[in-house]
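K.L.:
File work.txt below, compact mmCIF, C-alpha atoms:
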```
# COMPACT_ATOMS: atom_id res chain seq x y z
CA MET A 239 0.00 0.00 0.00
CA MET A 240 2.74 2.42 1.04
CA ARG A 241 4.76 1.53 -2.01
CA GLU A 242 1.79 2.17 -4.26
CA LYS A 243 1.27 5.56 -2.67
CA ALA A 244 4.90 6.53 -3.14
CA TRP A 245 4.76 5.49 -6.76
CA PHE A 246 1.60 7.55 -7.23
CA PHE A 247 3.23 10.70 -5.82
CA ALA A 248 6.36 10.14 -7.84
CA MET A 249 4.24 10.02 -10.98
CA VAL A 250 2.26 13.11 -10.08
CA PHE A 251 5.21 15.28 -9.19
CA SER A 252 7.41 14.24 -12.06
CA TYR A 253 4.61 14.79 -14.56
CA PRO A 254 5.43 18.37 -15.60
CA VAL A 255 9.09 17.46 -16.03
CA LEU A 256 8.30 14.39 -18.11
CA THR A 257 5.84 16.19 -20.33
CA MET A 258 8.11 19.12 -21.15
CA ARG A 259 10.76 17.61 -23.35
CA LEU A 260 12.74 20.81 -23.65
CA ASP A 261 15.43 22.02 -21.30
CA SER A 262 14.76 25.19 -19.35
CA ARG A 263 17.21 27.31 -21.33
CA THR A 264 15.56 26.37 -24.63
CA ARG A 265 12.14 27.16 -23.18
CA HIS A 266 13.43 30.49 -21.94
CA GLU A 267 14.89 31.41 -25.34
CA ILE A 268 11.66 30.45 -27.11
CA ARG A 269 9.53 32.45 -24.66
CA GLU A 270 11.77 35.53 -24.89
CA SER A 271 11.93 35.48 -28.68
CA ALA A 272 8.13 35.15 -28.96
CA ARG A 273 7.81 38.20 -26.75
CA ARG A 274 10.43 40.11 -28.69
CA PHE A 275 9.20 39.39 -32.22
CA PHE A 276 5.45 38.98 -31.67
CA GLY A 277 4.78 40.57 -28.28
CA ALA A 278 2.85 37.39 -27.51
CA ASP A 279 2.84 34.16 -25.51
CA VAL A 280 3.96 30.93 -27.14
CA TYR A 281 2.51 27.44 -26.77
CA LEU A 282 4.32 24.13 -27.15
CA PHE A 283 2.25 21.35 -28.66
CA GLY A 284 2.67 18.12 -30.62
CA SER A 285 5.28 15.46 -29.91
CA ARG A 286 7.36 17.52 -27.48
CA THR A 287 4.48 17.46 -25.01
CA ASP A 288 4.12 13.68 -25.35
CA ASP A 289 6.62 11.62 -23.35
CA ALA A 290 6.05 8.58 -25.57
CA LYS A 291 7.33 10.39 -28.65
CA ARG A 292 10.73 11.78 -27.83
CA GLY A 293 12.76 14.16 -29.84
CA GLY A 294 10.40 15.14 -32.64
CA ASP A 295 10.03 18.61 -34.08
CA ILE A 296 9.46 21.51 -31.72
CA ASP A 297 5.88 22.52 -32.54
CA LEU A 298 5.11 26.06 -31.48
CA TYR A 299 1.93 28.08 -31.71
CA ILE A 300 1.59 31.87 -31.45
CA GLU A 301 -1.51 34.04 -31.67
CA ALA A 302 -0.80 37.63 -32.69
CA PRO A 303 -3.20 39.74 -34.75
CA MET A 304 -1.19 41.38 -37.54
CA SER A 305 -0.97 41.47 -41.34
CA ALA A 306 0.20 38.38 -43.23
CA ALA A 307 3.35 40.28 -44.28
CA GLU A 308 4.19 41.23 -40.68
CA ALA A 309 3.48 37.68 -39.51
CA VAL A 310 5.82 36.19 -42.12
CA ARG A 311 8.62 38.66 -41.30
CA SER A 312 8.26 38.15 -37.56
CA ARG A 313 8.18 34.38 -37.99
CA ILE A 314 11.42 34.34 -40.01
CA ALA A 315 13.05 36.81 -37.61
CA MET A 316 12.10 34.67 -34.62
CA LEU A 317 13.32 31.43 -36.23
CA GLY A 318 16.59 33.04 -37.29
CA HIS A 319 17.09 34.41 -33.80
CA LEU A 320 16.42 30.98 -32.28
CA TYR A 321 18.88 29.31 -34.66
CA SER A 322 21.51 31.79 -33.45
CA ARG A 323 20.65 31.24 -29.80
CA ILE A 324 19.99 27.50 -29.51
CA GLY A 325 21.37 26.18 -32.79
CA GLU A 326 19.34 25.03 -35.75
CA ARG A 327 16.52 22.76 -34.62
CA LYS A 328 13.48 21.44 -36.41
CA ILE A 329 11.05 24.08 -35.29
CA ASP A 330 7.53 24.17 -36.69
CA LEU A 331 6.27 27.62 -35.80
CA VAL A 332 2.58 28.07 -36.51
CA VAL A 333 1.37 31.66 -36.42
CA ASN A 334 -2.28 32.58 -36.13
CA SER A 335 -2.29 36.21 -37.23
CA GLY A 336 -6.07 36.42 -37.50
CA GLY A 337 -6.44 35.42 -41.13
CA GLY A 338 -8.95 32.64 -40.47
CA GLU A 339 -9.35 29.51 -38.36
CA ARG A 340 -7.45 26.31 -39.16
CA PRO A 341 -7.69 22.84 -37.54
CA ILE A 342 -4.07 23.06 -36.34
CA PHE A 343 -4.90 26.26 -34.39
CA ARG A 344 -7.61 24.43 -32.48
CA GLU A 345 -5.33 21.48 -31.80
CA ALA A 346 -2.59 23.78 -30.49
CA ARG A 347 -5.01 25.69 -28.25
CA GLN A 348 -6.52 22.49 -26.85
CA HIS A 349 -3.34 20.51 -26.28
CA GLY A 350 -0.68 23.19 -26.14
CA GLU A 351 1.23 24.16 -23.01
CA LYS A 352 2.17 27.77 -22.48
CA LEU A 353 5.92 28.19 -22.20
CA MET B 513 38.45 15.28 -51.62
CA THR B 514 37.09 18.70 -50.72
CA PRO B 515 36.37 20.81 -53.77
CA GLN B 516 38.46 23.94 -54.13
CA LEU B 517 36.98 27.30 -53.23
CA GLY B 518 36.92 28.40 -56.86
CA VAL B 519 34.90 25.34 -57.89
CA LEU B 520 32.40 25.95 -55.11
CA LEU B 521 32.06 29.63 -56.01
CA ASP B 522 31.42 28.63 -59.64
CA ALA B 523 28.65 26.28 -58.49
CA CYS B 524 27.14 29.12 -56.42
CA GLN B 525 27.35 31.41 -59.42
CA GLN B 526 25.22 28.97 -61.41
CA HIS B 527 22.62 28.75 -58.61
CA ALA B 528 22.56 32.54 -58.31
CA ARG B 529 22.15 32.96 -62.05
CA TYR B 530 19.10 30.66 -62.21
CA LEU B 531 17.75 32.10 -58.98
CA LEU B 532 17.81 35.64 -60.34
CA ALA B 533 16.44 34.44 -63.69
CA ALA B 534 13.47 32.85 -61.87
CA GLN B 535 13.05 36.03 -59.87
CA GLY B 536 12.92 38.02 -63.11
CA ARG B 537 10.01 35.91 -64.28
CA LEU B 538 7.97 36.52 -61.12
CA PRO B 539 5.42 39.33 -61.13
CA ALA B 540 6.44 42.28 -58.94
CA PRO B 541 4.99 42.01 -56.43
CA VAL B 542 3.69 38.46 -56.18
CA THR B 543 0.14 38.80 -54.88
CA ALA B 544 -2.18 36.47 -53.00
CA ALA B 545 -4.55 36.53 -55.99
CA GLY B 546 -1.69 35.52 -58.29
CA ILE B 547 -0.75 32.63 -55.99
CA SER B 548 -4.35 31.43 -55.83
CA ALA B 549 -4.69 31.49 -59.63
CA ARG B 550 -1.92 28.83 -59.89
CA ASP B 551 -0.85 29.91 -63.35
CA ASP B 552 1.60 27.37 -64.87
CA ASP B 553 4.31 29.94 -65.57
CA LEU B 554 4.10 31.33 -62.07
CA VAL B 555 4.29 27.87 -60.49
CA ALA B 556 7.29 26.97 -62.68
CA ALA B 557 9.08 30.21 -61.76
CA LEU B 558 8.33 29.70 -58.05
CA ASP B 559 9.58 26.11 -58.12
CA GLN B 560 12.82 27.20 -59.79
CA PHE B 561 13.17 30.09 -57.36
CA ALA B 562 12.68 27.87 -54.29
CA TYR B 563 15.01 25.17 -55.61
CA ARG B 564 17.87 27.53 -56.46
CA PHE B 565 17.38 29.50 -53.24
CA THR B 566 17.78 26.26 -51.31
CA ARG B 567 20.81 25.09 -53.28
CA LEU B 568 22.57 28.45 -53.04
CA GLN B 569 21.90 28.73 -49.32
CA ASP B 570 23.06 25.13 -48.72
CA THR B 571 26.26 25.54 -50.74
CA LEU B 572 27.22 28.89 -49.22
CA GLY B 573 26.47 27.90 -45.62
CA GLY B 574 27.47 24.27 -45.86
CA ARG B 575 30.67 24.53 -47.89
CA VAL B 576 31.81 27.92 -49.17
CA PHE B 577 31.97 29.77 -45.85
CA ARG B 578 34.31 27.27 -44.26
CA ARG B 579 36.49 26.92 -47.37
CA LEU B 580 36.78 30.69 -47.60
CA LEU B 581 38.10 30.92 -44.05
CA VAL B 582 40.46 27.96 -44.38
CA GLU B 583 41.66 28.33 -47.95
CA HIS B 584 41.56 32.07 -48.52
CA PHE B 585 42.10 33.56 -45.06
CA GLY B 586 44.24 30.65 -43.85
CA GLU B 587 42.34 30.43 -40.57
CA PRO B 588 41.96 27.23 -38.50
CA TYR B 589 38.21 26.73 -38.95
CA GLU B 590 38.35 23.27 -40.55
CA ASP B 591 36.47 21.60 -37.68
CA SER B 592 34.63 24.55 -36.16
CA SER B 593 30.86 24.75 -35.86
CA LEU B 594 28.95 26.59 -38.57
CA ARG B 595 27.99 29.16 -35.96
CA ASP B 596 31.67 29.96 -35.27
CA VAL B 597 32.38 30.09 -38.98
CA VAL B 598 29.54 32.53 -39.61
CA ASP B 599 30.50 34.71 -36.62
CA ARG B 600 34.07 34.87 -37.87
CA LEU B 601 32.96 35.88 -41.37
CA GLU B 602 30.81 38.60 -39.84
CA LYS B 603 33.87 39.93 -37.96
CA LEU B 604 35.89 39.86 -41.18
CA GLY B 605 33.12 41.84 -42.89
CA VAL B 606 32.47 39.13 -45.49
CA ILE B 607 28.87 38.74 -44.39
CA ALA B 608 26.93 41.70 -43.10
CA SER B 609 25.17 39.98 -40.22
CA ALA B 610 25.30 36.51 -38.67
CA GLU B 611 21.71 36.93 -37.48
CA ARG B 612 20.54 37.82 -40.99
CA TRP B 613 22.23 34.69 -42.27
CA SER B 614 20.21 32.67 -39.73
CA GLN B 615 17.06 34.32 -41.07
CA ILE B 616 18.01 33.35 -44.61
CA ARG B 617 18.49 29.80 -43.33
CA ALA B 618 15.03 29.95 -41.73
CA MET B 619 13.60 31.09 -45.07
CA ARG B 620 15.34 28.22 -46.82
CA ASN B 621 13.70 25.77 -44.41
CA THR B 622 10.35 27.48 -44.85
CA LEU B 623 10.56 27.23 -48.65
CA ALA B 624 11.68 23.61 -48.44
CA HIS B 625 8.78 22.59 -46.20
CA ASP B 626 6.13 24.62 -47.95
CA TYR B 627 5.05 26.19 -44.67
CA PRO B 628 2.93 29.27 -45.32
CA GLU B 629 -0.60 27.98 -45.63
CA THR B 630 -2.58 30.93 -46.90
CA ALA B 631 -2.04 32.66 -50.24
CA GLU B 632 -1.42 35.95 -48.37
CA GLU B 633 1.36 34.37 -46.31
CA LYS B 634 2.88 32.64 -49.33
CA ALA B 635 2.97 35.93 -51.27
CA ALA B 636 4.52 37.72 -48.29
CA ALA B 637 7.12 34.97 -47.85
CA ILE B 638 8.13 35.21 -51.51
CA GLU B 639 8.57 38.97 -51.27
CA LEU B 640 10.87 38.53 -48.26
CA ALA B 641 12.71 35.67 -49.99
CA ARG B 642 13.32 37.98 -52.95
CA GLU B 643 15.18 40.46 -50.76
CA MET B 644 17.23 37.58 -49.37
CA ALA B 645 18.00 36.22 -52.85
CA ARG B 646 19.46 39.60 -53.79
CA GLU B 647 21.47 39.64 -50.56
CA MET B 648 22.90 36.20 -51.26
CA ALA B 649 23.80 37.24 -54.81
CA SER B 650 25.65 40.33 -53.61
CA MET B 651 27.32 38.31 -50.85
CA LEU B 652 28.59 36.01 -53.57
CA ASP B 653 29.84 38.98 -55.63
CA GLY B 654 31.65 40.20 -52.53
CA MET B 655 33.37 36.85 -52.02
CA ARG B 656 34.35 36.77 -55.69
CA ALA B 657 35.88 40.23 -55.36
CA ILE B 658 37.80 39.25 -52.22
CA THR B 659 39.22 36.07 -53.72
CA ASN B 660 40.12 37.74 -57.02
CA ARG B 661 41.74 40.73 -55.39
CA THR B 662 44.21 38.98 -53.14
CA VAL B 663 45.04 35.90 -55.16
CA PRO B 664 47.38 37.34 -57.81
CA GLY B 665 46.83 35.97 -61.27
CA PRO B 666 49.48 35.84 -64.06
CA ALA B 667 48.66 39.45 -65.01
CA ALA B 668 49.94 40.67 -61.64
CA HIS B 669 53.50 39.65 -62.39
```
Could you take the file, read its structure, and then write that structure out as structure tokens?

P.N.:
Amino acid sequence: MMREKAWFFAMVFSYPVLTMRLDSRTRHEIRESARRFFGADVYLFGSRTDDAKRGGDIDLYIEAPMSAAEAVRSRIAMLGHLYSRIGERKIDLVVNSGGGERPIFREARQHGEKL
Amino acid sequence: MTPQLGVLLDACQQHARYLLAAQGRLPAPVTAAGISARDDDLVAALDQFAYRFTRLQDTLGGRVFRRLLVEHFGEPYEDSSLRDVVDRLEKLGVIASAERWSQIRAMRNTLAHDYPETAEEKAAAIELAREMAREMASMLDGMRAITNRTVPGPAAH
């Protein structure tokens, strides 16, 4: 009984660590660059939030109302900045700039974790 | 055997030539309506543009930069990371900005993975890629000038 309880608590308290498959520095850099280039929060979704699928792409989602041209420029600026800061990684940065709803936006909002 | 710098620069020159030729066939500016119309000539020009952009970016970043430092400047960057190579070239004034180069790399990856979903985003991405294509072409001209200037040919004697 005691052993089961200990196991239960170990699972519960390690959960956030296990589900965030990015080190804290990487998370910090991503958060800061989203703020700098979009003035917005950033959400991690997809395989990096799933402990069973390690080491996939880094799927990021940002909501920031702006023109398509601004969104594209900010997206490239943020990716370039991240490559300089954390090295080139497979980053899939999805930007919802207000140009219409897409299924991936809903998925990111439902399953994403704010960094 | 690693190709010589001159051979690599020649390869880049070919990519740049076809890249700028494709760019010349694109409407200025490329619009969302134009993208949506999917005209054959536009699609062909865009495919050529994306392909040559990718090849030029890959060859410059993956091969030329390091060879330039090692072969031309005689610096010990044979086994350094690309990041160190790019930073060093920025210090030497060969490339204007290491961060801009990272952005060009991000554009290359975006073009390769067909990211922008909407026609508006695609059109905007192509306009930005155009600026970057011109920057890569002038970067290449700059490297040509550097290598021609300080490697004396027969005429210098």

K.L.:
Might you pull out every residue within 12 Å of Arg617 in chain B, with all atoms listed in the file counted and same-chain residues fewer than 4 positions away left off, and present them as a CSV table (one decimal) with C-alpha atoms, keeping the file's coordinate frame?

P.N.:
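Dumped to around-v2.csv:
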```
chain,number,residue,atom,x,y,z
A,314,ILE,CA,11.4,34.3,-40.0
A,315,ALA,CA,13.0,36.8,-37.6
A,316,MET,CA,12.1,34.7,-34.6
A,317,LEU,CA,13.3,31.4,-36.2
A,318,GLY,CA,16.6,33.0,-37.3
A,319,HIS,CA,17.1,34.4,-33.8
A,320,LEU,CA,16.4,31.0,-32.3
A,321,TYR,CA,18.9,29.3,-34.7
A,322,SER,CA,21.5,31.8,-33.4
A,325,GLY,CA,21.4,26.2,-32.8
A,326,GLU,CA,19.3,25.0,-35.8
A,327,ARG,CA,16.5,22.8,-34.6
A,328,LYS,CA,13.5,21.4,-36.4
B,565,PHE,CA,17.4,29.5,-53.2
B,566,THR,CA,17.8,26.3,-51.3
B,567,ARG,CA,20.8,25.1,-53.3
B,568,LEU,CA,22.6,28.4,-53.0
B,569,GLN,CA,21.9,28.7,-49.3
B,570,ASP,CA,23.1,25.1,-48.7
B,571,THR,CA,26.3,25.5,-50.7
B,572,LEU,CA,27.2,28.9,-49.2
B,573,GLY,CA,26.5,27.9,-45.6
B,574,GLY,CA,27.5,24.3,-45.9
B,594,LEU,CA,29.0,26.6,-38.6
B,598,VAL,CA,29.5,32.5,-39.6
B,610,ALA,CA,25.3,36.5,-38.7
B,611,GLU,CA,21.7,36.9,-37.5
B,612,ARG,CA,20.5,37.8,-41.0
B,613,TRP,CA,22.2,34.7,-42.3
B,621,ASN,CA,13.7,25.8,-44.4
B,622,THR,CA,10.4,27.5,-44.8
B,623,LEU,CA,10.6,27.2,-48.6
B,624,ALA,CA,11.7,23.6,-48.4
B,641,ALA,CA,12.7,35.7,-50.0
B,644,MET,CA,17.2,37.6,-49.4
B,645,ALA,CA,18.0,36.2,-52.8
B,648,MET,CA,22.9,36.2,-51.3
```

K.L.:
Hey, which of B:Ala631, B:Val576, B:Met619, B:Asp553 ends up closest to Cys524 in chain B? Count all atoms listed in the file.

P.N.:
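With all atoms listed in the file as the atom set, the closest residue is B:Val576.
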
K.L.:
Show which residues sit within 7 Å of Val310 in chain A, as number ranges by chain. Count all atoms listed in the file, and ignore same-chain residues fewer than 4 positions away.

P.N.:
A: 306, 314; B: 633, 636-637

K.L.:
State, in Å with one decimal place, the distance from CA of Met651 in chain B to CA of Arg313 in chain A.

P.N.:
23.4 Å

K.L.:
If you measure from CA of Asp279 in chain A to CA of Glu632 in chain B, what distance in Å do you get, rounded to one decimal?

P.N.:
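About the pair CA of Asp279 in chain A and CA of Glu632 in chain B: they are 23.3 Å apart.
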
K.L.:
Any idea what the distance is between CA of Ala534 in chain B and CA of Arg564 in chain B?

P.N.:
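Computed distance, CA of Ala534 in chain B to CA of Arg564 in chain B, equals 8.8 Å.
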
K.L.:
Find the residue from A:Arg311, A:Glu351, A:Ala346, A:Ile296 that sits nearest to Leu331 in chain A; use only C-alpha atoms when measuring.

P.N.:
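Distance minimum relative to Leu331 in chain A lands on A:Ile296.
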
K.L.:
Let me know the centre plus edge lengths, in Å and rounded to one decimal, of a box with edges along x, y and z that contains all listed atoms of range 530-549 of chain B and is padded by 3 Å on every side, as lines of an AutoDock Vina configuration file.

P.N.:
```
center_x = 7.2
center_y = 36.5
center_z = -58.6
size_x = 29.8
size_y = 17.6
size_z = 17.3
```

K.L.:
Is it possible to add N, CA, C and O atoms to range 322-346 of chain A and hand it back as an mmCIF file, keeping the file's coordinate frame?

P.N.:
```cif
data_model
loop_
_atom_site.group_PDB
_atom_site.id
_atom_site.type_symbol
_atom_site.label_atom_id
_atom_site.label_comp_id
_atom_site.auth_asym_id
_atom_site.auth_seq_id
_atom_site.Cartn_x
_atom_site.Cartn_y
_atom_site.Cartn_z
ATOM 1 N N SER A 322 20.284 31.194 -33.992
ATOM 2 C CA SER A 322 21.510 31.790 -33.450
ATOM 3 C C SER A 322 21.677 31.465 -31.975
ATOM 4 O O SER A 322 22.791 31.300 -31.507
ATOM 5 N N ARG A 323 20.578 31.418 -31.251
ATOM 6 C CA ARG A 323 20.650 31.240 -29.800
ATOM 7 C C ARG A 323 20.780 29.787 -29.355
ATOM 8 O O ARG A 323 21.537 29.484 -28.433
ATOM 9 N N ILE A 324 19.989 28.899 -29.980
ATOM 10 C CA ILE A 324 19.990 27.500 -29.510
ATOM 11 C C ILE A 324 20.454 26.515 -30.581
ATOM 12 O O ILE A 324 20.393 25.306 -30.388
ATOM 13 N N GLY A 325 20.939 27.046 -31.697
ATOM 14 C CA GLY A 325 21.370 26.180 -32.790
ATOM 15 C C GLY A 325 20.168 25.819 -33.648
ATOM 16 O O GLY A 325 19.027 25.981 -33.225
ATOM 17 N N GLU A 326 20.459 25.343 -34.858
ATOM 18 C CA GLU A 326 19.340 25.030 -35.750
ATOM 19 C C GLU A 326 18.628 23.767 -35.285
ATOM 20 O O GLU A 326 19.236 22.723 -35.144
ATOM 21 N N ARG A 327 17.348 23.897 -35.031
ATOM 22 C CA ARG A 327 16.520 22.760 -34.620
ATOM 23 C C ARG A 327 15.349 22.684 -35.578
ATOM 24 O O ARG A 327 15.044 23.643 -36.272
ATOM 25 N N LYS A 328 14.684 21.548 -35.575
ATOM 26 C CA LYS A 328 13.480 21.440 -36.410
ATOM 27 C C LYS A 328 12.323 22.069 -35.661
ATOM 28 O O LYS A 328 11.726 21.457 -34.778
ATOM 29 N N ILE A 329 12.086 23.324 -35.974
ATOM 30 C CA ILE A 329 11.050 24.080 -35.290
ATOM 31 C C ILE A 329 9.899 24.340 -36.257
ATOM 32 O O ILE A 329 10.103 24.902 -37.331
ATOM 33 N N ASP A 330 8.713 23.894 -35.869
ATOM 34 C CA ASP A 330 7.530 24.170 -36.690
ATOM 35 C C ASP A 330 6.742 25.262 -35.970
ATOM 36 O O ASP A 330 6.067 24.999 -34.984
ATOM 37 N N LEU A 331 6.903 26.473 -36.454
ATOM 38 C CA LEU A 331 6.270 27.620 -35.800
ATOM 39 C C LEU A 331 4.998 28.006 -36.549
ATOM 40 O O LEU A 331 5.056 28.477 -37.683
ATOM 41 N N VAL A 332 3.881 27.772 -35.908
ATOM 42 C CA VAL A 332 2.580 28.070 -36.510
ATOM 43 C C VAL A 332 2.090 29.395 -35.956
ATOM 44 O O VAL A 332 1.997 29.570 -34.739
ATOM 45 N N VAL A 333 1.817 30.342 -36.849
ATOM 46 C CA VAL A 333 1.370 31.660 -36.420
ATOM 47 C C VAL A 333 -0.080 31.884 -36.834
ATOM 48 O O VAL A 333 -0.421 31.754 -38.010
ATOM 49 N N ASN A 334 -0.899 32.202 -35.867
ATOM 50 C CA ASN A 334 -2.280 32.580 -36.130
ATOM 51 C C ASN A 334 -2.355 34.106 -36.042
ATOM 52 O O ASN A 334 -2.396 34.672 -34.960
ATOM 53 N N SER A 335 -2.325 34.745 -37.230
ATOM 54 C CA SER A 335 -2.290 36.210 -37.230
ATOM 55 C C SER A 335 -3.695 36.800 -37.422
ATOM 56 O O SER A 335 -3.835 38.000 -37.620
ATOM 57 N N GLY A 336 -4.698 35.928 -37.385
ATOM 58 C CA GLY A 336 -6.070 36.420 -37.500
ATOM 59 C C GLY A 336 -6.646 36.315 -38.895
ATOM 60 O O GLY A 336 -7.675 36.903 -39.202
ATOM 61 N N GLY A 337 -5.985 35.551 -39.747
ATOM 62 C CA GLY A 337 -6.440 35.420 -41.130
ATOM 63 C C GLY A 337 -7.427 34.286 -41.363
ATOM 64 O O GLY A 337 -7.656 33.906 -42.501
ATOM 65 N N GLY A 338 -7.988 33.729 -40.296
ATOM 66 C CA GLY A 338 -8.950 32.640 -40.470
ATOM 67 C C GLY A 338 -8.573 31.427 -39.637
ATOM 68 O O GLY A 338 -7.397 31.211 -39.360
ATOM 69 N N GLU A 339 -9.568 30.667 -39.238
ATOM 70 C CA GLU A 339 -9.350 29.510 -38.360
ATOM 71 C C GLU A 339 -8.839 28.311 -39.157
ATOM 72 O O GLU A 339 -9.211 28.118 -40.314
ATOM 73 N N ARG A 340 -7.924 27.541 -38.530
ATOM 74 C CA ARG A 340 -7.450 26.310 -39.160
ATOM 75 C C ARG A 340 -7.453 25.203 -38.115
ATOM 76 O O ARG A 340 -7.278 25.479 -36.930
ATOM 77 N N PRO A 341 -7.629 23.945 -38.527
ATOM 78 C CA PRO A 341 -7.690 22.840 -37.540
ATOM 79 C C PRO A 341 -6.468 22.821 -36.622
ATOM 80 O O PRO A 341 -6.607 22.545 -35.418
ATOM 81 N N ILE A 342 -5.284 23.132 -37.162
ATOM 82 C CA ILE A 342 -4.070 23.060 -36.340
ATOM 83 C C ILE A 342 -4.102 24.109 -35.219
ATOM 84 O O ILE A 342 -3.544 23.894 -34.147
ATOM 85 N N PHE A 343 -4.781 25.242 -35.445
ATOM 86 C CA PHE A 343 -4.900 26.260 -34.390
ATOM 87 C C PHE A 343 -5.681 25.696 -33.210
ATOM 88 O O PHE A 343 -5.314 25.884 -32.046
ATOM 89 N N ARG A 344 -6.779 24.997 -33.537
ATOM 90 C CA ARG A 344 -7.610 24.430 -32.480
ATOM 91 C C ARG A 344 -6.837 23.367 -31.708
ATOM 92 O O ARG A 344 -6.859 23.330 -30.487
ATOM 93 N N GLU A 345 -6.114 22.531 -32.450
ATOM 94 C CA GLU A 345 -5.330 21.480 -31.800
ATOM 95 C C GLU A 345 -4.306 22.087 -30.842
ATOM 96 O O GLU A 345 -4.140 21.638 -29.711
ATOM 97 N N ALA A 346 -3.621 23.135 -31.313
ATOM 98 C CA ALA A 346 -2.590 23.780 -30.490
ATOM 99 C C ALA A 346 -3.211 24.417 -29.245
ATOM 100 O O ALA A 346 -2.633 24.340 -28.157
#
```
